[in-house]
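One file, work10.txt, is given below (compact mmCIF, C-alpha atoms).
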# COMPACT_ATOMS: atom_id res chain seq x y z
CA ARG O 1 29.25 -5.70 23.21
CA ALA O 2 26.30 -4.69 21.01
CA TYR O 3 23.93 -6.46 23.39
CA GLU O 4 25.39 -4.66 26.41
CA ILE O 5 25.09 -1.26 24.70
CA LEU O 6 21.53 -2.00 23.61
CA SER O 7 20.56 -3.25 27.07
CA GLY O 8 22.02 -0.15 28.67
CA LEU O 9 20.00 2.10 26.36
CA VAL O 10 16.73 0.30 26.77
CA GLY O 11 16.96 -1.06 30.32
CA SER O 12 14.08 -3.13 31.59
CA GLU O 13 11.64 -1.85 28.93
CA MET O 14 12.95 -4.25 26.27
CA CYS O 15 12.29 -7.95 26.67
CA ILE O 16 15.46 -9.61 25.38
CA ARG O 17 15.12 -13.02 26.96
CA ASP O 18 18.48 -14.40 25.93
CA ARG O 19 21.75 -13.31 24.36
CA SER O 20 21.45 -15.53 21.35
CA GLU O 21 22.70 -14.21 18.04
CA MET O 22 19.24 -14.59 16.53
CA ALA O 23 17.50 -12.52 19.21
CA LEU O 24 20.10 -9.79 18.98
CA GLY O 25 19.92 -9.82 15.19
CA ARG O 26 16.17 -9.28 15.28
CA VAL O 27 16.48 -6.33 17.64
CA LEU O 28 19.24 -4.71 15.60
CA GLY O 29 17.21 -5.34 12.46
CA CYS O 30 14.28 -3.45 14.00
CA LEU O 31 16.57 -0.56 14.91
CA TRP O 32 18.01 -0.32 11.42
CA PHE O 33 14.60 -0.59 9.72
CA LEU O 34 13.18 2.18 11.88
CA HIS O 35 16.20 4.38 11.26
CA LEU O 36 15.91 3.97 7.49
CA SER O 37 12.15 4.44 7.59
CA ARG O 38 12.40 7.68 9.55
CA HIS O 39 15.21 9.31 7.61
CA HIS O 40 15.49 7.80 4.15
CA VAL O 41 12.78 5.49 2.80
CA PHE O 42 9.37 6.60 4.08
CA PRO O 43 9.82 9.81 6.09
CA GLN O 44 6.29 10.87 5.16
CA LEU O 45 4.90 7.72 6.84
CA ILE O 46 6.45 8.36 10.24
CA SER O 47 4.76 10.96 12.43
CA PRO O 48 6.96 14.03 13.04
CA SER O 49 6.31 13.62 16.78
CA GLN O 50 8.12 10.27 16.77
CA ARG O 51 11.87 10.48 17.27
CA CYS O 52 14.34 8.22 15.49
CA LEU O 53 15.20 5.09 17.46
CA SER O 54 18.85 5.34 16.49
CA CYS O 55 18.97 8.80 18.11
CA SER O 56 16.90 8.22 21.26
CA LEU O 57 14.67 5.31 22.19
CA SER O 58 11.28 6.96 22.73
CA PRO O 59 8.45 4.95 24.37
CA CYS O 60 6.45 5.05 21.14
CA LEU O 61 9.22 3.42 19.13
CA LEU O 62 9.87 0.87 21.86
CA GLN O 63 6.31 -0.30 21.22
CA TRP O 64 7.28 -0.90 17.58
CA ILE O 65 9.87 -3.47 18.67
CA MET O 66 7.23 -5.36 20.63
CA ILE O 67 4.65 -5.42 17.80
CA GLN O 68 3.12 -8.86 17.36
CA ASN O 69 2.45 -9.93 13.79
CA PRO O 70 0.12 -10.19 12.07
CA ILE O 71 -1.22 -6.78 13.09
CA LEU O 72 -4.47 -7.59 11.22
CA PRO O 73 -5.17 -11.31 11.71
CA GLY O 74 -7.60 -13.22 9.55
CA PHE O 75 -8.76 -12.32 6.06
CA ASN O 76 -7.21 -8.91 5.32
CA PRO O 77 -5.41 -9.10 1.94
CA ASP O 78 -3.88 -6.32 -0.18
CA PRO O 79 -3.13 -3.84 2.65
CA SER O 80 -2.58 -0.18 1.73
CA ILE O 81 -1.40 2.18 4.50
CA CYS O 82 -1.93 5.92 4.74
CA ARG O 83 -0.91 8.41 7.45
CA VAL O 84 -2.80 11.64 8.18
CA GLY O 85 -1.24 13.55 11.08
CA ASP O 86 -0.86 11.09 13.94
CA ASP O 87 -3.52 8.73 12.56
CA TYR O 88 -2.75 5.64 10.48
CA TYR O 89 -5.23 3.88 8.22
CA ILE O 90 -4.99 0.52 6.45
CA ALA O 91 -7.37 -0.37 3.64
CA THR O 92 -7.78 -4.06 2.79
CA SER O 93 -9.83 -5.89 0.17
CA THR O 94 -12.40 -8.65 0.64
CA PHE O 95 -12.31 -10.05 -2.91
CA GLU O 96 -15.71 -11.47 -3.97
CA TRP O 97 -17.19 -10.92 -0.51
CA TYR O 98 -18.88 -7.80 0.78
CA PRO O 99 -18.15 -5.10 1.91
CA GLY O 100 -15.31 -4.87 -0.67
CA VAL O 101 -12.90 -2.61 1.27
CA GLN O 102 -12.41 -2.44 5.02
CA ILE O 103 -10.45 0.36 6.71
CA HIS O 104 -8.70 -0.09 10.06
CA HIS O 105 -7.34 2.72 12.23
CA SER O 106 -4.37 3.01 14.61
CA THR O 107 -2.37 5.71 16.36
CA ASP O 108 0.69 3.58 17.16
CA LEU O 109 0.89 1.03 14.29
CA GLN O 110 0.43 -1.70 16.89
CA HIS O 111 -3.19 -1.62 18.00
CA TRP O 112 -5.78 -1.55 15.20
CA ARG O 113 -9.57 -1.36 15.13
CA LEU O 114 -12.03 -1.68 12.28
CA LEU O 115 -13.20 1.85 11.55
CA THR O 116 -15.32 1.83 8.40
CA GLN O 117 -16.24 0.05 5.16
CA ALA O 118 -15.78 2.39 2.24
CA LEU O 119 -17.76 0.73 -0.57
CA SER O 120 -20.80 -0.61 1.25
CA GLU O 121 -23.28 1.69 -0.51
CA HIS O 122 -21.77 1.60 -4.00
CA LEU O 123 -20.53 -1.94 -4.67
CA GLU O 124 -22.01 -4.44 -7.11
CA LEU O 125 -20.41 -7.90 -7.07
CA SER O 126 -23.04 -9.98 -8.84
CA GLY O 127 -21.45 -12.75 -10.90
CA VAL O 128 -17.82 -12.17 -9.94
CA PRO O 129 -15.75 -15.39 -9.77
CA SER O 130 -14.06 -16.91 -6.76
CA SER O 131 -10.98 -14.84 -5.86
CA GLY O 132 -12.32 -12.07 -8.10
CA GLY O 133 -14.20 -9.01 -6.90
CA VAL O 134 -12.29 -6.16 -5.28
CA TRP O 135 -8.51 -6.26 -5.64
CA ALA O 136 -5.74 -4.11 -4.19
CA PRO O 137 -7.29 -0.93 -2.81
CA ALA O 138 -4.88 2.03 -2.74
CA LEU O 139 -5.68 4.59 -0.04
CA SER O 140 -4.12 8.07 -0.08
CA HIS O 141 -4.78 11.56 1.30
CA CYS O 142 -4.13 15.00 -0.16
CA ASP O 143 -5.40 18.50 0.66
CA GLY O 144 -8.09 17.28 3.03
CA VAL O 145 -9.46 14.57 0.74
CA PHE O 146 -9.11 10.78 0.98
CA TYR O 147 -8.73 8.92 -2.32
CA LEU O 148 -9.44 5.21 -2.74
CA CYS O 149 -8.52 3.38 -5.97
CA TYR O 150 -9.52 -0.23 -6.54
CA THR O 151 -10.26 -2.88 -9.17
CA VAL O 152 -13.39 -4.99 -9.55
CA VAL O 153 -12.34 -8.25 -11.21
CA HIS O 154 -15.07 -9.91 -13.27
CA GLN O 155 -12.77 -12.37 -15.05
CA HIS O 156 -9.25 -13.45 -14.16
CA GLU O 157 -8.90 -17.07 -15.23
CA ALA O 158 -8.89 -16.51 -19.00
CA ALA O 159 -6.16 -14.86 -21.06
CA THR O 160 -8.43 -11.83 -21.45
CA LYS O 161 -8.99 -10.20 -18.07
CA ASP O 162 -12.03 -8.04 -17.22
CA THR O 163 -10.68 -5.60 -14.64
CA PRO O 164 -12.33 -2.15 -14.53
CA ASN O 165 -10.64 0.33 -12.18
CA PHE O 166 -12.50 2.86 -10.05
CA LEU O 167 -11.86 5.88 -7.82
CA THR O 168 -13.92 7.15 -4.89
CA THR O 169 -13.23 10.05 -2.52
CA ALA O 170 -14.31 11.38 0.88
CA THR O 171 -13.45 14.36 3.06
CA SER O 172 -13.71 12.11 6.14
CA ILE O 173 -12.26 8.61 6.36
CA GLU O 174 -15.64 7.47 7.74
CA GLY O 175 -17.46 8.85 4.71
CA PRO O 176 -19.69 9.46 3.05
CA TRP O 177 -17.72 8.21 0.04
CA THR O 178 -18.63 9.49 -3.39
CA PRO O 179 -20.14 7.16 -6.01
CA PRO O 180 -17.15 5.45 -7.68
CA VAL O 181 -15.91 6.90 -10.96
CA PHE O 182 -14.79 4.48 -13.67
CA VAL O 183 -11.22 5.36 -14.72
CA ASN O 184 -9.86 2.65 -17.04
CA SER O 185 -9.60 -1.12 -17.58
CA SER O 186 -6.18 -1.70 -19.17
CA GLY O 187 -5.00 -3.73 -16.20
CA PHE O 188 -5.36 -3.87 -12.43
CA ASP O 189 -3.81 -2.66 -9.13
CA PRO O 190 -4.38 1.09 -9.68
CA SER O 191 -2.95 3.80 -7.44
CA LEU O 192 -2.95 7.59 -7.43
CA PHE O 193 0.19 9.71 -7.04
CA HIS O 194 -0.21 13.26 -5.71
CA ASP O 195 2.71 15.27 -7.03
CA GLN O 196 4.10 18.26 -5.15
CA ASP O 197 3.08 20.61 -7.99
CA GLY O 198 -0.59 19.69 -7.57
CA GLU O 199 -0.79 17.27 -10.50
CA LYS O 200 -2.17 13.78 -9.98
CA TYR O 201 -1.07 10.66 -11.83
CA TRP O 202 -2.84 7.34 -12.20
CA LEU O 203 -0.80 4.15 -12.24
CA ASN O 204 -1.74 0.57 -13.01
CA MET O 205 -0.14 -2.52 -14.44
CA VAL O 206 -1.08 -3.21 -18.07
CA TRP O 207 -2.24 -6.67 -19.08
CA ASP O 208 -1.23 -7.93 -22.54
CA HIS O 209 -3.99 -10.08 -24.07
CA ARG O 210 -2.10 -10.95 -27.27
CA PRO O 211 -1.29 -14.62 -27.93
CA ASN O 212 2.35 -15.64 -27.54
CA HIS O 213 3.18 -12.54 -25.49
CA HIS O 214 4.04 -12.27 -21.83
CA PRO O 215 0.85 -11.14 -20.03
CA PHE O 216 2.69 -8.32 -18.25
CA TYR O 217 3.21 -5.37 -20.59
CA GLY O 218 4.38 -2.73 -18.14
CA ILE O 219 3.46 -0.13 -15.52
CA ALA O 220 1.50 2.74 -17.07
CA LEU O 221 1.29 6.32 -15.80
CA GLN O 222 -1.21 8.94 -16.96
CA ASN O 223 -2.35 12.33 -15.71
CA TYR O 224 -5.69 12.37 -13.86
CA ASP O 225 -7.92 15.45 -13.95
CA VAL O 226 -9.79 15.74 -10.63
CA LEU O 227 -12.35 18.24 -11.93
CA LYS O 228 -13.17 16.30 -15.11
CA GLN O 229 -12.85 13.00 -13.22
CA ARG O 230 -11.03 11.28 -16.05
CA LEU O 231 -7.59 10.55 -17.43
CA ILE O 232 -6.05 13.16 -19.71
CA GLY O 233 -2.95 13.30 -21.86
CA GLU O 234 -0.88 10.37 -23.04
CA SER O 235 -0.48 7.11 -21.17
CA LYS O 236 3.22 6.23 -20.79
CA ILE O 237 4.86 2.95 -19.84
CA ILE O 238 7.35 3.87 -17.10
CA PHE O 239 8.54 0.37 -16.16
CA LYS O 240 8.74 -2.82 -18.23
CA GLY O 241 9.58 -5.12 -15.38
CA SER O 242 12.56 -7.44 -15.00
CA SER O 243 13.46 -11.04 -15.62
CA ILE O 244 11.33 -12.03 -12.63
CA GLY O 245 8.17 -11.63 -14.74
CA LEU O 246 4.80 -10.33 -13.58
CA THR O 247 4.91 -6.90 -11.89
CA GLU O 248 1.97 -5.77 -9.78
CA GLY O 249 0.96 -3.18 -7.18
CA PRO O 250 2.73 -0.05 -8.50
CA HIS O 251 3.00 2.95 -6.14
CA LEU O 252 4.99 6.18 -6.44
CA TYR O 253 6.63 7.83 -3.42
CA PRO O 254 8.30 11.28 -3.39
CA VAL O 255 11.51 10.61 -1.43
CA SER O 256 14.22 13.04 -2.60
CA TYR O 257 13.41 11.78 -6.08
CA THR O 258 10.18 10.04 -7.09
CA HIS O 259 10.50 6.29 -6.51
CA LEU O 260 8.40 3.49 -7.95
CA ARG O 261 7.63 0.55 -5.69
CA ALA O 262 6.17 -2.60 -7.23
CA HIS O 263 5.81 -6.32 -6.51
CA GLU O 264 7.13 -8.99 -8.88
CA THR O 265 6.25 -12.68 -8.93
CA ARG O 266 7.37 -15.76 -10.81
CA GLU O 267 6.60 -19.37 -9.99
CA ASP O 268 10.19 -20.62 -10.10
CA ARG O 269 11.73 -17.57 -8.38
CA GLY O 270 9.15 -16.52 -5.82
CA CYS O 271 8.35 -12.89 -5.04
CA ARG O 272 10.28 -9.68 -4.52
CA VAL O 273 9.66 -5.94 -4.15
Translate this structure into structure tokens?
Amino acid sequence: RAYEILSGLVGSEMCIRDRSEMALGRVLGCLWFLHLSRHHVFPQLISPSQRCLSCSLSPCLLQWIMIQNPILPGFNPDPSICRVGDDYYIATSTFEWYPGVQIHHSTDLQHWRLLTQALSEHLELSGVPSSGGVWAPALSHCDGVFYLCYTVVHQHEAATKDTPNFLTTATSIEGPWTPPVFVNSSGFDPSLFHDQDGEKYWLNMVWDHRPNHHPFYGIALQNYDVLKQRLIGESKIIFKGSSIGLTEGPHLYPVSYTHLRAHETREDRGCRV
């Protein structure tokens, strides 16, 4: 019955090749994900011109169902997505290889093209180890300015990590990007939260170097002064993690309340968000 209803709504535009439970489950999963994304989880990520699939199946959202993964094949780790109007941008890292951060562009989340390389003129990677270099860029946009946070990892194999965090900005996604400003080095995976009251907050995971302690100490949040280009006020631990263990990639999203999204890993339990 669900298949017949779905087929009637979509008609020949949707390629459901058989009536298997798995195929139907995937389609319904796409519908539910898009519904939640539009109305509950990430409403700021979906363009206002796109209608909810659960309300009416617009051609744009039908393309979402047919998206072929991976959308960025090859070496494109640590993706960070940002929407500005009807344009979508994904920043990815290149680790110890130049150019450090690549930015792809799309208008439909399906077709992507390499647009620019943000750190080409300001990056120094001499002596970084294998799998070091630039980690986890975080791309955001506020009041006409693009912000790009990232870590340059000089040491990651020892108990003591060397992970300075930087911030660069640009009024155009294609640059020019400002010379990076050093922010802190208490951990890695930084991101910048733009609060609705105009304040900005810097987040990063904190690495604990002390012997006989778990290396993950928590997710820290601290106010960032744009004019002074430095952190101000007190750094506060807002999340101590769970039994899973190491928590990385913290990001804040203002959805009704402010929500923290992070990634946790542990060898015997795998990964979760």
*Identify which of the residues O:Cys82, O:Ile67, O:Ala138, O:Val206 lies closest to Lys240 (chain O), counting all atoms listed in the file when measuring atom-to-atom distances.*
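Nearest candidate to Lys240 (chain O) out of O:Cys82, O:Ile67, O:Ala138, O:Val206: O:Val206.
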*By how many Å are CA of Lys161 (chain O) and CA of Gly132 (chain O) apart?*
10.7 Å
*Once you count only C-alpha atoms, which residues end up no further than 12 Å from (2.8, -5.1, -9.4) in the file's frame, shown as number ranges by chain?*
O: 78, 135-136, 187-191, 203-207, 216-220, 239-242, 244-252, 260-266, 271-273
*Between CA of Ala118 (chain O) and CA of Ser235 (chain O), distance in Å (one decimal)*: 28.4 Å
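Across the structure, CA of Gln110 (chain O) and CA of Val145 (chain O) are spaced 25.0 Å apart.
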*Residue contacts of Pro79 (chain O) (7 Å, only C-alpha atoms) excluding same-chain residues fewer than 3 positions away, as a PyMOL selection string*: chain O and resi 90-92
*Using all atoms listed in the file, which residue out of O:Asp208, O:Asp197, O:Thr163, O:Val101 lies closest to Val128 (chain O)?*
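Answer, going by the shortest atom-to-atom distance: O:Thr163.
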*Would you be able to write out as a PyMOL selection string which residues have an atom within 7 Å of (-5.9, 8.9, 17.7) in the file's coordinates, counting only C-alpha atoms?*
chain O and resi 86-87+106-107
*Within 6 Å of Asn165 (chain O), counting only C-alpha atoms, which residues show up once you throw out same-chain ones fewer than 3 positions away? Write them as a ChimeraX atom specification, please.*
/O:150-151,183-185
Got a moment to write region 201-215 of chain O out with all heavy atoms, as a PDB file, in the first residue's frame?
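Result went into result-v6.pdb, see below:
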ATOM      1  N   TYR O 201      31.360  32.189  19.426  1.00  0.00           N
ATOM      2  CA  TYR O 201      31.958  31.267  20.389  1.00  0.00           C
ATOM      3  C   TYR O 201      32.811  30.233  19.657  1.00  0.00           C
ATOM      4  O   TYR O 201      32.385  29.645  18.660  1.00  0.00           O
ATOM      5  CB  TYR O 201      30.874  30.580  21.215  1.00  0.00           C
ATOM      6  CG  TYR O 201      30.091  31.539  22.078  1.00  0.00           C
ATOM      7  CD1 TYR O 201      28.921  32.127  21.605  1.00  0.00           C
ATOM      8  CD2 TYR O 201      30.531  31.876  23.357  1.00  0.00           C
ATOM      9  CE1 TYR O 201      28.207  33.023  22.390  1.00  0.00           C
ATOM     10  CE2 TYR O 201      29.826  32.769  24.144  1.00  0.00           C
ATOM     11  CZ  TYR O 201      28.664  33.335  23.653  1.00  0.00           C
ATOM     12  OH  TYR O 201      27.961  34.223  24.434  1.00  0.00           O
ATOM     13  N   TRP O 202      33.991  30.028  20.202  1.00  0.00           N
ATOM     14  CA  TRP O 202      34.963  29.083  19.647  1.00  0.00           C
ATOM     15  C   TRP O 202      34.837  27.758  20.388  1.00  0.00           C
ATOM     16  O   TRP O 202      34.797  27.724  21.613  1.00  0.00           O
ATOM     17  CB  TRP O 202      36.361  29.663  19.814  1.00  0.00           C
ATOM     18  CG  TRP O 202      37.476  28.847  19.252  1.00  0.00           C
ATOM     19  CD1 TRP O 202      38.195  27.883  19.882  1.00  0.00           C
ATOM     20  CD2 TRP O 202      38.029  28.956  17.931  1.00  0.00           C
ATOM     21  NE1 TRP O 202      39.159  27.381  19.047  1.00  0.00           N
ATOM     22  CE2 TRP O 202      39.070  28.027  17.846  1.00  0.00           C
ATOM     23  CE3 TRP O 202      37.732  29.755  16.822  1.00  0.00           C
ATOM     24  CZ2 TRP O 202      39.839  27.867  16.676  1.00  0.00           C
ATOM     25  CZ3 TRP O 202      38.493  29.598  15.664  1.00  0.00           C
ATOM     26  CH2 TRP O 202      39.518  28.663  15.604  1.00  0.00           C
ATOM     27  N   LEU O 203      34.771  26.676  19.634  1.00  0.00           N
ATOM     28  CA  LEU O 203      34.713  25.344  20.231  1.00  0.00           C
ATOM     29  C   LEU O 203      35.887  24.512  19.750  1.00  0.00           C
ATOM     30  O   LEU O 203      36.344  24.662  18.611  1.00  0.00           O
ATOM     31  CB  LEU O 203      33.428  24.603  19.850  1.00  0.00           C
ATOM     32  CG  LEU O 203      32.097  25.139  20.317  1.00  0.00           C
ATOM     33  CD1 LEU O 203      31.457  25.988  19.231  1.00  0.00           C
ATOM     34  CD2 LEU O 203      31.163  23.988  20.684  1.00  0.00           C
ATOM     35  N   ASN O 204      36.383  23.643  20.597  1.00  0.00           N
ATOM     36  CA  ASN O 204      37.322  22.611  20.176  1.00  0.00           C
ATOM     37  C   ASN O 204      37.369  21.533  21.242  1.00  0.00           C
ATOM     38  O   ASN O 204      37.004  21.759  22.401  1.00  0.00           O
ATOM     39  CB  ASN O 204      38.732  23.174  19.930  1.00  0.00           C
ATOM     40  CG  ASN O 204      39.397  23.773  21.142  1.00  0.00           C
ATOM     41  OD1 ASN O 204      39.285  24.977  21.391  1.00  0.00           O
ATOM     42  ND2 ASN O 204      40.098  22.950  21.924  1.00  0.00           N
ATOM     43  N   MET O 205      37.769  20.340  20.838  1.00  0.00           N
ATOM     44  CA  MET O 205      37.969  19.300  21.833  1.00  0.00           C
ATOM     45  C   MET O 205      39.286  19.568  22.549  1.00  0.00           C
ATOM     46  O   MET O 205      40.228  20.116  21.978  1.00  0.00           O
ATOM     47  CB  MET O 205      37.961  17.910  21.184  1.00  0.00           C
ATOM     48  CG  MET O 205      39.102  17.628  20.222  1.00  0.00           C
ATOM     49  SD  MET O 205      40.596  17.008  21.033  1.00  0.00           S
ATOM     50  CE  MET O 205      40.058  15.425  21.575  1.00  0.00           C
ATOM     51  N   VAL O 206      39.353  19.223  23.831  1.00  0.00           N
ATOM     52  CA  VAL O 206      40.541  19.458  24.645  1.00  0.00           C
ATOM     53  C   VAL O 206      41.270  18.149  24.870  1.00  0.00           C
ATOM     54  O   VAL O 206      40.662  17.160  25.311  1.00  0.00           O
ATOM     55  CB  VAL O 206      40.170  20.109  25.999  1.00  0.00           C
ATOM     56  CG1 VAL O 206      41.424  20.293  26.855  1.00  0.00           C
ATOM     57  CG2 VAL O 206      39.472  21.447  25.770  1.00  0.00           C
ATOM     58  N   TRP O 207      42.563  18.142  24.582  1.00  0.00           N
ATOM     59  CA  TRP O 207      43.384  16.946  24.728  1.00  0.00           C
ATOM     60  C   TRP O 207      44.068  16.964  26.083  1.00  0.00           C
ATOM     61  O   TRP O 207      44.684  17.954  26.467  1.00  0.00           O
ATOM     62  CB  TRP O 207      44.420  16.886  23.610  1.00  0.00           C
ATOM     63  CG  TRP O 207      45.123  15.569  23.522  1.00  0.00           C
ATOM     64  CD1 TRP O 207      46.343  15.257  24.037  1.00  0.00           C
ATOM     65  CD2 TRP O 207      44.649  14.395  22.874  1.00  0.00           C
ATOM     66  NE1 TRP O 207      46.664  13.956  23.765  1.00  0.00           N
ATOM     67  CE2 TRP O 207      45.637  13.393  23.040  1.00  0.00           C
ATOM     68  CE3 TRP O 207      43.481  14.070  22.181  1.00  0.00           C
ATOM     69  CZ2 TRP O 207      45.495  12.111  22.531  1.00  0.00           C
ATOM     70  CZ3 TRP O 207      43.340  12.798  21.664  1.00  0.00           C
ATOM     71  CH2 TRP O 207      44.341  11.834  21.847  1.00  0.00           C
ATOM     72  N   ASP O 208      43.976  15.860  26.814  1.00  0.00           N
ATOM     73  CA  ASP O 208      44.573  15.743  28.147  1.00  0.00           C
ATOM     74  C   ASP O 208      45.913  15.007  28.039  1.00  0.00           C
ATOM     75  O   ASP O 208      45.959  13.815  27.726  1.00  0.00           O
ATOM     76  CB  ASP O 208      43.624  14.993  29.080  1.00  0.00           C
ATOM     77  CG  ASP O 208      44.023  15.121  30.545  1.00  0.00           C
ATOM     78  OD1 ASP O 208      45.212  15.390  30.811  1.00  0.00           O
ATOM     79  OD2 ASP O 208      43.149  14.958  31.415  1.00  0.00           O
ATOM     80  N   HIS O 209      47.007  15.726  28.299  1.00  0.00           N
ATOM     81  CA  HIS O 209      48.347  15.146  28.153  1.00  0.00           C
ATOM     82  C   HIS O 209      48.808  14.390  29.399  1.00  0.00           C
ATOM     83  O   HIS O 209      49.852  13.726  29.367  1.00  0.00           O
ATOM     84  CB  HIS O 209      49.372  16.263  27.866  1.00  0.00           C
ATOM     85  CG  HIS O 209      49.073  17.055  26.637  1.00  0.00           C
ATOM     86  ND1 HIS O 209      49.329  16.581  25.380  1.00  0.00           N
ATOM     87  CD2 HIS O 209      48.531  18.293  26.474  1.00  0.00           C
ATOM     88  CE1 HIS O 209      48.982  17.488  24.480  1.00  0.00           C
ATOM     89  NE2 HIS O 209      48.487  18.532  25.125  1.00  0.00           N
ATOM     90  N   ARG O 210      48.078  14.453  30.486  1.00  0.00           N
ATOM     91  CA  ARG O 210      48.559  13.889  31.747  1.00  0.00           C
ATOM     92  C   ARG O 210      48.613  12.364  31.699  1.00  0.00           C
ATOM     93  O   ARG O 210      47.714  11.718  31.162  1.00  0.00           O
ATOM     94  CB  ARG O 210      47.646  14.324  32.892  1.00  0.00           C
ATOM     95  CG  ARG O 210      47.639  15.832  33.138  1.00  0.00           C
ATOM     96  CD  ARG O 210      46.630  16.202  34.206  1.00  0.00           C
ATOM     97  NE  ARG O 210      45.266  15.868  33.799  1.00  0.00           N
ATOM     98  CZ  ARG O 210      44.191  16.009  34.573  1.00  0.00           C
ATOM     99  NH1 ARG O 210      44.341  16.465  35.811  1.00  0.00           N
ATOM    100  NH2 ARG O 210      42.994  15.683  34.117  1.00  0.00           N
ATOM    101  N   PRO O 211      49.669  11.784  32.278  1.00  0.00           N
ATOM    102  CA  PRO O 211      49.758  10.316  32.325  1.00  0.00           C
ATOM    103  C   PRO O 211      48.599   9.725  33.128  1.00  0.00           C
ATOM    104  O   PRO O 211      48.094  10.338  34.073  1.00  0.00           O
ATOM    105  CB  PRO O 211      51.098  10.064  33.027  1.00  0.00           C
ATOM    106  CG  PRO O 211      51.875  11.327  32.845  1.00  0.00           C
ATOM    107  CD  PRO O 211      50.869  12.430  32.850  1.00  0.00           C
ATOM    108  N   ASN O 212      48.168   8.544  32.719  1.00  0.00           N
ATOM    109  CA  ASN O 212      47.123   7.799  33.413  1.00  0.00           C
ATOM    110  C   ASN O 212      45.768   8.509  33.389  1.00  0.00           C
ATOM    111  O   ASN O 212      44.928   8.305  34.264  1.00  0.00           O
ATOM    112  CB  ASN O 212      47.520   7.503  34.865  1.00  0.00           C
ATOM    113  CG  ASN O 212      48.829   6.735  34.956  1.00  0.00           C
ATOM    114  OD1 ASN O 212      49.064   5.801  34.194  1.00  0.00           O
ATOM    115  ND2 ASN O 212      49.682   7.131  35.895  1.00  0.00           N
ATOM    116  N   HIS O 213      45.560   9.372  32.415  1.00  0.00           N
ATOM    117  CA  HIS O 213      44.272  10.022  32.218  1.00  0.00           C
ATOM    118  C   HIS O 213      43.780   9.738  30.798  1.00  0.00           C
ATOM    119  O   HIS O 213      44.585   9.576  29.873  1.00  0.00           O
ATOM    120  CB  HIS O 213      44.376  11.540  32.410  1.00  0.00           C
ATOM    121  CG  HIS O 213      44.476  11.966  33.839  1.00  0.00           C
ATOM    122  ND1 HIS O 213      45.646  11.814  34.570  1.00  0.00           N
ATOM    123  CD2 HIS O 213      43.580  12.534  34.677  1.00  0.00           C
ATOM    124  CE1 HIS O 213      45.465  12.285  35.788  1.00  0.00           C
ATOM    125  NE2 HIS O 213      44.212  12.730  35.883  1.00  0.00           N
ATOM    126  N   HIS O 214      42.464   9.672  30.644  1.00  0.00           N
ATOM    127  CA  HIS O 214      41.922   9.516  29.301  1.00  0.00           C
ATOM    128  C   HIS O 214      42.305  10.745  28.476  1.00  0.00           C
ATOM    129  O   HIS O 214      42.204  11.876  28.962  1.00  0.00           O
ATOM    130  CB  HIS O 214      40.391   9.388  29.358  1.00  0.00           C
ATOM    131  CG  HIS O 214      39.797   8.928  28.059  1.00  0.00           C
ATOM    132  ND1 HIS O 214      39.648   9.759  26.970  1.00  0.00           N
ATOM    133  CD2 HIS O 214      39.321   7.717  27.677  1.00  0.00           C
ATOM    134  CE1 HIS O 214      39.107   9.090  25.973  1.00  0.00           C
ATOM    135  NE2 HIS O 214      38.893   7.846  26.375  1.00  0.00           N
ATOM    136  N   PRO O 215      42.754  10.561  27.235  1.00  0.00           N
ATOM    137  CA  PRO O 215      43.229  11.714  26.449  1.00  0.00           C
ATOM    138  C   PRO O 215      42.139  12.738  26.136  1.00  0.00           C
ATOM    139  O   PRO O 215      42.452  13.905  25.899  1.00  0.00           O
ATOM    140  CB  PRO O 215      43.768  11.082  25.166  1.00  0.00           C
ATOM    141  CG  PRO O 215      43.103   9.743  25.086  1.00  0.00           C
ATOM    142  CD  PRO O 215      42.946   9.291  26.510  1.00  0.00           C
TER     143      PRO O 215
END
